[in-house]
Structures are given as structure tokens and as C-alpha cells.
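Below: protein.txt (compact mmCIF, C-alpha atoms)
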# COMPACT_ATOMS: atom_id res chain seq x y z
CA MET A 278 -106.82 -70.47 -75.60
CA THR A 279 -103.34 -70.70 -74.09
CA GLY A 280 -102.40 -69.58 -70.59
CA SER A 281 -100.85 -66.38 -71.97
CA GLU A 282 -104.01 -65.38 -73.83
CA ILE A 283 -105.95 -63.95 -70.90
CA PRO A 284 -109.05 -62.02 -72.01
CA PRO A 285 -108.89 -58.30 -71.14
CA SER A 286 -110.86 -56.90 -68.22
CA PHE A 287 -111.00 -53.59 -66.37
CA ARG A 288 -111.13 -53.29 -62.57
CA LEU A 289 -112.55 -50.08 -61.14
CA ALA A 290 -112.20 -49.26 -57.44
CA TYR A 291 -114.55 -46.83 -55.71
CA VAL A 292 -114.82 -45.39 -52.20
CA PRO A 293 -118.05 -45.14 -50.14
CA GLY A 294 -120.35 -42.38 -51.32
CA VAL A 295 -119.26 -42.52 -54.97
CA THR A 296 -121.84 -43.92 -57.39
CA PRO A 297 -120.09 -45.07 -60.60
CA THR A 298 -123.28 -46.42 -62.23
CA LYS A 299 -123.42 -43.89 -65.09
CA TRP A 300 -119.81 -44.42 -66.16
CA VAL A 301 -120.09 -48.20 -65.90
CA ARG A 302 -123.16 -48.13 -68.15
CA ILE A 303 -121.35 -46.08 -70.80
CA TRP A 304 -118.35 -48.43 -70.64
CA ASN A 305 -120.59 -51.46 -71.20
CA GLU A 306 -122.21 -49.75 -74.19
CA ARG A 307 -118.93 -48.76 -75.84
CA LEU A 308 -116.71 -51.71 -74.88
CA PRO A 309 -119.02 -54.69 -74.36
CA GLU A 310 -116.19 -57.11 -75.13
CA ILE A 311 -114.20 -55.93 -72.06
CA PRO A 312 -115.95 -56.71 -68.75
CA LEU A 313 -115.71 -54.06 -66.02
CA THR A 314 -115.44 -55.27 -62.42
CA LEU A 315 -116.21 -52.96 -59.48
CA VAL A 316 -113.96 -53.12 -56.42
CA ALA A 317 -115.33 -51.51 -53.23
CA VAL A 318 -112.58 -50.01 -51.06
CA THR A 319 -112.39 -47.70 -48.07
CA ALA A 320 -111.04 -44.19 -48.53
CA ALA A 321 -107.96 -45.07 -46.49
CA GLU A 322 -107.01 -48.15 -48.51
CA ALA A 323 -107.84 -46.85 -52.01
CA SER A 324 -104.29 -45.66 -52.80
CA ASP A 325 -102.68 -48.93 -51.67
CA VAL A 326 -105.15 -50.94 -53.77
CA LEU A 327 -104.17 -48.97 -56.88
CA ARG A 328 -100.44 -49.23 -56.15
CA GLY A 329 -100.72 -52.94 -55.46
CA GLY A 330 -102.49 -53.69 -58.74
CA GLY A 331 -105.82 -54.51 -57.12
CA ALA A 332 -107.55 -52.16 -59.57
CA ASP A 333 -106.68 -50.45 -62.86
CA ALA A 334 -108.21 -47.13 -61.77
CA GLY A 335 -110.40 -45.88 -58.99
CA PHE A 336 -112.54 -43.09 -57.58
CA VAL A 337 -110.75 -41.75 -54.51
CA ARG A 338 -111.11 -38.90 -52.05
CA LEU A 339 -108.43 -36.22 -52.05
CA PRO A 340 -105.88 -35.58 -50.72
CA ILE A 341 -103.83 -38.66 -51.61
CA ASP A 342 -100.10 -39.23 -51.95
CA ARG A 343 -99.55 -38.53 -55.65
CA THR A 344 -95.92 -39.59 -55.75
CA ASP A 345 -96.69 -42.39 -58.20
CA LEU A 346 -100.41 -41.89 -58.78
CA SER A 347 -102.11 -39.69 -61.37
CA ALA A 348 -105.38 -38.03 -60.39
CA ILE A 349 -108.06 -36.01 -62.14
CA PRO A 350 -110.26 -34.03 -59.69
CA LEU A 351 -113.91 -34.47 -60.67
CA TYR A 352 -116.15 -32.66 -58.19
CA THR A 353 -116.37 -31.21 -54.69
CA GLU A 354 -119.02 -32.30 -52.22
CA THR A 355 -121.05 -30.24 -49.78
CA THR A 356 -120.24 -30.98 -46.13
CA VAL A 357 -123.22 -31.64 -43.85
CA VAL A 358 -123.94 -32.41 -40.20
CA VAL A 359 -126.04 -35.51 -39.51
CA ILE A 360 -128.57 -34.86 -36.74
CA PRO A 361 -131.73 -36.40 -35.25
CA LYS A 362 -134.90 -35.06 -36.87
CA ASP A 363 -135.98 -33.47 -33.57
CA HIS A 364 -132.68 -31.63 -33.10
CA ILE A 365 -132.86 -27.82 -32.93
CA ALA A 366 -130.61 -27.50 -35.99
CA ALA A 367 -133.26 -29.26 -38.09
CA ALA A 368 -135.27 -26.01 -38.00
CA VAL A 369 -132.66 -24.04 -40.00
CA ASP A 370 -131.35 -24.34 -43.56
CA GLU A 371 -127.64 -24.43 -42.67
CA VAL A 372 -125.28 -24.20 -39.70
CA SER A 373 -121.71 -23.08 -39.03
CA ALA A 374 -118.94 -24.81 -37.13
CA GLU A 375 -119.47 -22.28 -34.33
CA ASP A 376 -123.10 -23.40 -34.02
CA LEU A 377 -121.78 -26.87 -33.13
CA ALA A 378 -119.34 -25.64 -30.49
CA ASP A 379 -121.37 -26.99 -27.55
CA GLU A 380 -122.30 -30.27 -29.25
CA ILE A 381 -120.50 -33.60 -29.03
CA VAL A 382 -119.30 -34.15 -32.59
CA LEU A 383 -118.19 -37.69 -33.44
CA HIS A 384 -114.93 -38.08 -35.36
CA PRO A 385 -114.72 -41.61 -36.81
CA LEU A 386 -111.38 -43.20 -37.66
CA ASP A 387 -112.31 -43.34 -41.35
CA ASP A 388 -113.18 -39.63 -41.49
CA THR A 389 -112.52 -38.22 -44.97
CA LEU A 390 -112.47 -34.49 -44.13
CA ASP A 391 -109.13 -32.78 -43.73
CA TRP A 392 -109.81 -31.07 -40.42
CA GLU A 393 -107.30 -28.75 -38.79
CA ARG A 394 -109.48 -29.10 -35.70
CA PRO A 395 -112.88 -30.87 -35.75
CA PRO A 396 -115.78 -28.74 -34.48
CA GLY A 397 -117.66 -29.27 -31.23
CA ARG A 398 -116.61 -31.31 -28.23
CA PRO A 399 -114.92 -34.68 -28.82
CA ALA A 400 -116.56 -37.91 -27.68
CA ASN A 401 -114.82 -40.21 -25.19
CA GLU A 402 -113.91 -42.60 -28.00
CA ARG A 403 -113.66 -42.31 -31.75
CA PRO A 404 -116.03 -44.65 -33.64
CA ALA A 405 -114.26 -47.11 -35.94
CA THR A 406 -116.34 -46.26 -39.02
CA THR A 407 -118.74 -43.67 -40.35
CA ALA A 408 -121.51 -46.31 -40.23
CA ASP A 409 -120.85 -46.79 -36.50
CA ALA A 410 -120.95 -43.03 -35.96
CA VAL A 411 -124.33 -42.77 -37.69
CA GLU A 412 -125.71 -45.38 -35.28
CA LEU A 413 -124.43 -43.31 -32.36
CA VAL A 414 -126.13 -40.20 -33.74
CA ALA A 415 -129.40 -42.15 -33.88
CA ALA A 416 -128.82 -43.17 -30.26
CA GLY A 417 -128.45 -39.53 -29.21
CA VAL A 418 -124.74 -39.76 -28.36
CA GLY A 419 -123.59 -36.93 -30.62
CA LEU A 420 -123.59 -35.42 -34.11
CA LEU A 421 -121.54 -36.27 -37.20
CA VAL A 422 -120.04 -34.05 -39.90
CA VAL A 423 -119.47 -35.82 -43.25
CA PRO A 424 -119.60 -35.30 -47.03
CA GLN A 425 -123.21 -35.23 -48.23
CA SER A 426 -122.89 -38.47 -50.21
CA LEU A 427 -122.01 -40.37 -47.02
CA ALA A 428 -125.01 -38.89 -45.23
CA ARG A 429 -127.18 -40.19 -48.09
CA LEU A 430 -125.41 -43.56 -48.10
CA HIS A 431 -126.18 -44.09 -44.40
CA HIS A 432 -129.65 -42.55 -44.50
CA ARG A 433 -132.06 -43.37 -41.69
CA LYS A 434 -135.67 -42.29 -41.33
CA ASP A 435 -135.04 -40.84 -37.87
CA LEU A 436 -132.08 -38.70 -39.02
CA THR A 437 -131.61 -35.73 -41.32
CA TYR A 438 -128.73 -33.42 -42.24
CA ARG A 439 -127.93 -29.75 -42.83
CA PRO A 440 -125.05 -28.07 -44.74
CA VAL A 441 -122.13 -26.76 -42.67
CA THR A 442 -121.02 -23.49 -44.23
CA ASP A 443 -117.41 -23.26 -43.03
CA ALA A 444 -116.29 -26.89 -42.86
CA PRO A 445 -113.64 -28.51 -45.08
CA GLU A 446 -115.02 -30.02 -48.30
CA SER A 447 -114.28 -33.43 -49.77
CA ARG A 448 -113.05 -33.68 -53.36
CA VAL A 449 -113.51 -36.82 -55.44
CA ALA A 450 -110.98 -37.72 -58.13
CA LEU A 451 -110.28 -40.46 -60.66
CA SER A 452 -106.85 -41.94 -59.94
CA TRP A 453 -104.60 -44.64 -61.43
CA PRO A 454 -100.92 -45.71 -61.23
CA GLU A 455 -98.78 -43.30 -63.21
CA ASP A 456 -96.76 -46.05 -64.88
CA ALA A 457 -99.85 -48.04 -65.84
CA THR A 458 -101.73 -45.61 -68.08
CA THR A 459 -103.04 -48.32 -70.37
CA ASP A 460 -105.38 -48.00 -73.35
CA MET A 461 -108.26 -49.14 -71.13
CA VAL A 462 -107.42 -46.46 -68.55
CA GLU A 463 -107.41 -43.87 -71.36
CA ASP A 464 -110.78 -45.17 -72.51
CA PHE A 465 -112.24 -44.76 -69.04
CA ILE A 466 -110.74 -41.29 -68.64
CA GLY A 467 -112.48 -40.33 -71.87
CA ILE A 468 -115.81 -41.64 -70.57
CA VAL A 469 -115.51 -39.77 -67.27
CA ARG A 470 -114.55 -36.57 -69.07
CA GLY A 471 -117.56 -36.88 -71.35
CA ARG A 472 -115.76 -37.52 -74.62
CA THR A 473 -117.90 -38.93 -77.39
CA VAL A 474 -117.15 -42.26 -79.01
CA ASN A 475 -115.68 -40.42 -82.03
CA SER A 476 -113.51 -38.07 -79.98
CA SER A 477 -110.09 -37.52 -81.54
CA ARG A 478 -108.39 -38.10 -78.16
CA GLY A 479 -109.87 -41.49 -77.36
CA ARG A 480 -108.45 -44.85 -78.41
CA THR A 481 -111.84 -45.79 -79.86
CA ALA A 482 -111.98 -42.63 -81.95
CA THR A 483 -112.54 -42.89 -85.68
CA PRO A 484 -109.59 -41.30 -87.52
CA PRO A 485 -110.51 -38.59 -90.04
CA GLN A 486 -110.64 -39.86 -93.59
CA PRO A 487 -108.77 -37.96 -96.35
CA LYS A 488 -111.01 -36.11 -98.76
CA GLN A 489 -111.08 -37.49 -102.30
CA ARG A 490 -111.19 -35.15 -105.27
CA LYS A 491 -114.16 -35.73 -107.51
CA ARG A 492 -113.18 -36.47 -111.10
CA PRO A 493 -115.50 -34.82 -113.63
CA ASP A 494 -117.38 -37.06 -116.02
CA ALA A 495 -115.87 -36.96 -119.50
CA GLY A 496 -119.33 -36.56 -121.03
CA ASP A 497 -120.10 -33.55 -118.82
CA ALA A 498 -116.83 -31.76 -119.40
CA ARG A 499 -117.04 -28.62 -121.50
CA ARG A 500 -114.44 -28.10 -124.18
CA LYS A 501 -112.86 -24.71 -124.58
CA PRO A 502 -113.06 -23.25 -128.09
CA ALA A 503 -109.91 -23.53 -130.17
CA ALA A 504 -107.72 -20.49 -130.55
CA GLY A 505 -108.95 -18.09 -133.23
CA LYS A 506 -112.48 -19.48 -133.28
CA SER A 507 -115.44 -17.85 -131.65
CA GLY A 508 -117.85 -19.97 -129.75
CA GLY A 509 -120.67 -17.42 -129.80
CA LYS A 510 -122.39 -14.83 -131.98
CA SER A 511 -120.72 -11.69 -133.23
CA PRO A 512 -121.41 -8.72 -131.00
CA ARG A 513 -122.92 -6.90 -134.06
CA GLY A 514 -125.38 -9.65 -134.82
CA GLY A 515 -123.26 -11.66 -137.28
CA SER A 516 -122.09 -15.23 -136.90
CA GLY A 517 -118.44 -14.55 -137.45
CA GLY A 518 -118.51 -13.83 -141.24
CA PRO A 519 -117.43 -10.57 -142.87
CA LYS A 520 -119.66 -7.51 -142.56
CA GLY A 521 -122.49 -7.54 -145.01
CA GLY A 522 -121.34 -10.85 -146.50
CA LYS A 523 -123.69 -13.58 -147.58
CA GLY A 524 -122.92 -15.68 -144.57
CA GLY A 525 -124.07 -12.97 -142.20
CA LYS A 526 -127.45 -12.97 -140.57
CA GLY A 527 -127.34 -9.28 -139.63
CA GLY A 528 -129.72 -6.49 -140.68
CA LYS A 529 -129.75 -4.32 -143.81
CA PRO A 530 -126.49 -2.92 -145.19
CA ARG A 531 -125.72 0.67 -144.34
CA ARG A 532 -126.51 3.41 -146.93
CA ARG A 533 -123.72 5.52 -148.25
CA SER A 534 -124.04 9.21 -147.70

Written form, C-alpha cells:
Amino acid sequence: MTGSEIPPSFRLAYVPGVTPTKWVRIWNERLPEIPLTLVAVTAAEASDVLRGGGADAGFVRLPIDRTDLSAIPLYTETTVVVIPKDHIAAAVDEVSAEDLADEIVLHPLDDTLDWERPPGRPANERPATTADAVELVAAGVGLLVVPQSLARLHHRKDLTYRPVTDAPESRVALSWPEDATTDMVEDFIGIVRGRTVNSSRGRTATPPQPKQRKRPDAGDARRKPAAGKSGGKSPRGGSGGPKGGKGGKGGKPRRRS
């Protein structure tokens, strides 16, 4: 193998909270000859990683600068508040931003929610990461509002969470550089969108085969009778001979009146 013959590979970035396991499994089943490498990135750096060629595609959180990036929105997450299990809000099914007005609500620097104004009262300092904020919630310093997948990612036995009905929601999208929509990117888009292996839009699709006309067997072909010859019996019972002639097989001749 020469230096220019580099085997193909596919690099997939993903932000915290996204679980790409299902799509990776399907990729490995369909394209086992092309290894897929996962690249963990923060939500803030995901766009720069894609632009810089650190990954071929990636799962990101919207909004992102789409000047030179393509993006397919996939799903929207429920927003929840992370609270201690003995907190009063643990007794209800859901809360509103107004219910948190008197609470200290932590706002980490890597927050992924597009707040116009975060709910509650701000803490003296903003935690550096969501993981740090979860530790502060466990210490009784305040509460934390995050997408549900991040609450699950940082789960602790002494904490729980409840949906926040009127908070911004986080949308997850598949993104890639606009000028680098390669065959492998198209393959992965097809997997994420649920296309089958024989889909007409995927690179791995099987093209439709032209139908071939069946030629009849010469021995089975029926020959048409020649012009002027009858292939069947006479409608009056004869076999094609003159009426009453010797060659006829009809009944008795008619009597003259």
C-alpha cells in the first residue's frame, strides 16, 4: 500500500447527552469495511470541530451557525429541573419557570438552552460545566435546568428531576460541512433517516434491474389456421364438407316436402 492509498474511515462527533449507539451499530452492519470512529465534543466546540475537519459529521445541539454547515434536525428534548430527592418540587409531576422564581438556579458556562432570561435567582458564580453544576445541586447550593438527556447522563442516586413546562427546549441535529457532503456522509444520513439498505436514495442502494420479456417456447406456440381453412367443426355438425356429402358426419338428410 502506498502513502496515497489511505483506507477509508468515518469520524462521527457527538455532544454530551446524545447516544449514537443505534446508528453506529447499523453502520457497522452495512459498511463493515469502513471503520467508524466516535469523537466526543462539547456543545460549544462541535461546530469548530466539523469546520476544522476533526470529524466528517456530528450530532450537535441547535442553534449553530449554519453559514457553511448543513444540518438535519432530528428531535427535540424535554427540559427538566434537577433537584434533590427531598426537595418540595419532587412531590409534583412538573413545574413552571415561575415555580422556580425564589430558587437559586445554576447557569453553567456550557449551558445548551437558549434562554432569554434564566429562571430563578442567579448564583454568585457560574459553574464551568454542567457536571460541576450537578455536584452543586447535590450539595444543596441550587437547582439546575437542563435537557433531559443531560440529567440522565449525570444521574445521581440522591437527585431526581421534573419537567419544566415553559422553558426553552434543546434540539439535536445531524450536521456536516456543506462542501464536504461525501458518499460516506450520504450513507450516514440515510442510516439516521431510517432508509433501508436497498433505498433508491442511498449510495449502497441496488439499482432496479430492467425487466426481460419472456420468449415463448417454439414447441408451446400455437399456430394460427391458414386463411380459408377452418380449424374447428362446422356449426351445423359437419367437418367442413358440403351439406349432405359423403364426407359429412352430420345427421339424416332433410326430406323434401

Residues of range 384-457 of chain A within 7 Å of range 315-327 of chain A: nearest atom pair and distance (Å, one decimal) for each, counting all atoms listed in the file, sorted by chain and number, as a Markdown table?
| residue | atom | partner | partner_atom | distance |
| --- | --- | --- | --- | --- |
| A:Asp387 | CA | A:Ala321 | CA | 7.0 |
| A:Trp453 | CA | A:Leu327 | CA | 6.3 |
| A:Pro454 | CA | A:Leu327 | CA | 6.3 |

Output C-alpha atoms of each residue in that selection to a file, as a PDB file, in the frame of the given file.
ATOM      1  CA  ASP A 387    -112.310 -43.340 -41.350  1.00  0.00           C
ATOM      2  CA  TRP A 453    -104.600 -44.640 -61.430  1.00  0.00           C
ATOM      3  CA  PRO A 454    -100.920 -45.710 -61.230  1.00  0.00           C
TER       4      PRO A 454
END

Next on the checklist: From the options A:Val414, A:Val382, A:Val337, A:Met461, which residue's atoms come nearest to Asn401 in chain A, counting all atoms listed in the file?
Outcome noted: A:Val382

Excluding Asp443 in chain A and its own-chain neighbours fewer than 5 positions away, which residues fall within 12 Å of it when counting all atoms listed in the file? Please give them as a PDB file with C-alpha atoms, keeping the file's coordinate frame.
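Output saved as around_29.pdb:
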ATOM      1  CA  THR A 355    -121.050 -30.240 -49.780  1.00  0.00           C
ATOM      2  CA  THR A 356    -120.240 -30.980 -46.130  1.00  0.00           C
ATOM      3  CA  VAL A 357    -123.220 -31.640 -43.850  1.00  0.00           C
ATOM      4  CA  VAL A 358    -123.940 -32.410 -40.200  1.00  0.00           C
ATOM      5  CA  GLU A 371    -127.640 -24.430 -42.670  1.00  0.00           C
ATOM      6  CA  VAL A 372    -125.280 -24.200 -39.700  1.00  0.00           C
ATOM      7  CA  SER A 373    -121.710 -23.080 -39.030  1.00  0.00           C
ATOM      8  CA  ALA A 374    -118.940 -24.810 -37.130  1.00  0.00           C
ATOM      9  CA  GLU A 375    -119.470 -22.280 -34.330  1.00  0.00           C
ATOM     10  CA  ASP A 376    -123.100 -23.400 -34.020  1.00  0.00           C
ATOM     11  CA  LEU A 377    -121.780 -26.870 -33.130  1.00  0.00           C
ATOM     12  CA  TRP A 392    -109.810 -31.070 -40.420  1.00  0.00           C
ATOM     13  CA  PRO A 395    -112.880 -30.870 -35.750  1.00  0.00           C
ATOM     14  CA  PRO A 396    -115.780 -28.740 -34.480  1.00  0.00           C
ATOM     15  CA  VAL A 422    -120.040 -34.050 -39.900  1.00  0.00           C
TER      16      VAL A 422
END

Next on the checklist: Calculated over only C-alpha atoms, which of the candidates A:Asp435, A:Asp456, A:Asp333, A:Glu463 has the smallest distance to Ala290 in chain A?
Outcome noted: A:Asp333

Can you tell me which residues surround Pro340 in chain A at a distance of at most 12 Å, considering only C-alpha atoms, apart from same-chain residues fewer than 6 positions away, and format the answer as a PDB file with C-alpha atoms, in the frame of the given file?
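Just written: part-v5.pdb:
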ATOM      1  CA  ALA A 320    -111.040 -44.190 -48.530  1.00  0.00           C
ATOM      2  CA  ALA A 321    -107.960 -45.070 -46.490  1.00  0.00           C
ATOM      3  CA  ALA A 323    -107.840 -46.850 -52.010  1.00  0.00           C
ATOM      4  CA  SER A 324    -104.290 -45.660 -52.800  1.00  0.00           C
ATOM      5  CA  LEU A 346    -100.410 -41.890 -58.780  1.00  0.00           C
ATOM      6  CA  ALA A 348    -105.380 -38.030 -60.390  1.00  0.00           C
ATOM      7  CA  ILE A 349    -108.060 -36.010 -62.140  1.00  0.00           C
ATOM      8  CA  PRO A 350    -110.260 -34.030 -59.690  1.00  0.00           C
ATOM      9  CA  THR A 389    -112.520 -38.220 -44.970  1.00  0.00           C
ATOM     10  CA  LEU A 390    -112.470 -34.490 -44.130  1.00  0.00           C
ATOM     11  CA  ASP A 391    -109.130 -32.780 -43.730  1.00  0.00           C
ATOM     12  CA  TRP A 392    -109.810 -31.070 -40.420  1.00  0.00           C
ATOM     13  CA  PRO A 445    -113.640 -28.510 -45.080  1.00  0.00           C
ATOM     14  CA  GLU A 446    -115.020 -30.020 -48.300  1.00  0.00           C
ATOM     15  CA  SER A 447    -114.280 -33.430 -49.770  1.00  0.00           C
ATOM     16  CA  ARG A 448    -113.050 -33.680 -53.360  1.00  0.00           C
ATOM     17  CA  VAL A 449    -113.510 -36.820 -55.440  1.00  0.00           C
ATOM     18  CA  ALA A 450    -110.980 -37.720 -58.130  1.00  0.00           C
ATOM     19  CA  LEU A 451    -110.280 -40.460 -60.660  1.00  0.00           C
ATOM     20  CA  SER A 452    -106.850 -41.940 -59.940  1.00  0.00           C
TER      21      SER A 452
END

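When CA of Arg328 in chain A is paired with CA of Ile341 in chain A, their separation reads 12.0 Å.
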
Please list as a PDB file with C-alpha atoms, in the coordinates of the input every residue within 8 Å of Pro404 in chain A, counting all atoms listed in the file and excluding residues in the same chain fewer than 5 positions away.
ATOM      1  CA  LEU A 383    -118.190 -37.690 -33.440  1.00  0.00           C
ATOM      2  CA  HIS A 384    -114.930 -38.080 -35.360  1.00  0.00           C
ATOM      3  CA  PRO A 385    -114.720 -41.610 -36.810  1.00  0.00           C
ATOM      4  CA  LEU A 386    -111.380 -43.200 -37.660  1.00  0.00           C
ATOM      5  CA  ASP A 409    -120.850 -46.790 -36.500  1.00  0.00           C
ATOM      6  CA  ALA A 410    -120.950 -43.030 -35.960  1.00  0.00           C
TER       7      ALA A 410
END

Next on the checklist: What does the structure give for the distance between CA of Asp388 in chain A and CA of Val292 in chain A, in Å to one decimal?
Outcome noted: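 Computing it gives 12.3 Å between the two atoms.
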
Item to check | Point-to-point distance from CA of Asp464 in chain A to CA of Pro284 in chain A, Å rounded to tenths | outcome: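 Separation of CA of Asp464 in chain A and CA of Pro284 in chain A: 16.9 Å.
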
As AutoDock Vina command-line options, what would the box around range 363-368 of chain A look like: edges along x, y and z, 4 Å added on every side, centre and edge lengths in Å to one decimal?
--center_x -133.3 --center_y -29.7 --center_z -35.5 --size_x 13.4 --size_y 15.5 --size_z 13.2

Next on the checklist: Let me make sure I understand: among A:Leu289, A:Trp300, A:Ile360, A:Val418, which one has the smallest atom-to-atom distance to His432 in chain A if we use all atoms listed in the file?
Outcome noted: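 Of the candidates, the smallest distance to His432 in chain A is held by A:Ile360.
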
Checklist outcome for this item: Using all atoms listed in the file, the residue out of A:Lys362, A:Thr459, A:Arg307, A:Gly419 with shortest distance to Glu402 in chain A is A:Gly419

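You can rank A:Arg343, A:Arg398, A:Arg429, A:Arg439 by their closest distance to Val295 in chain A using all atoms listed in the file, and at the top of that list sits A:Arg429.
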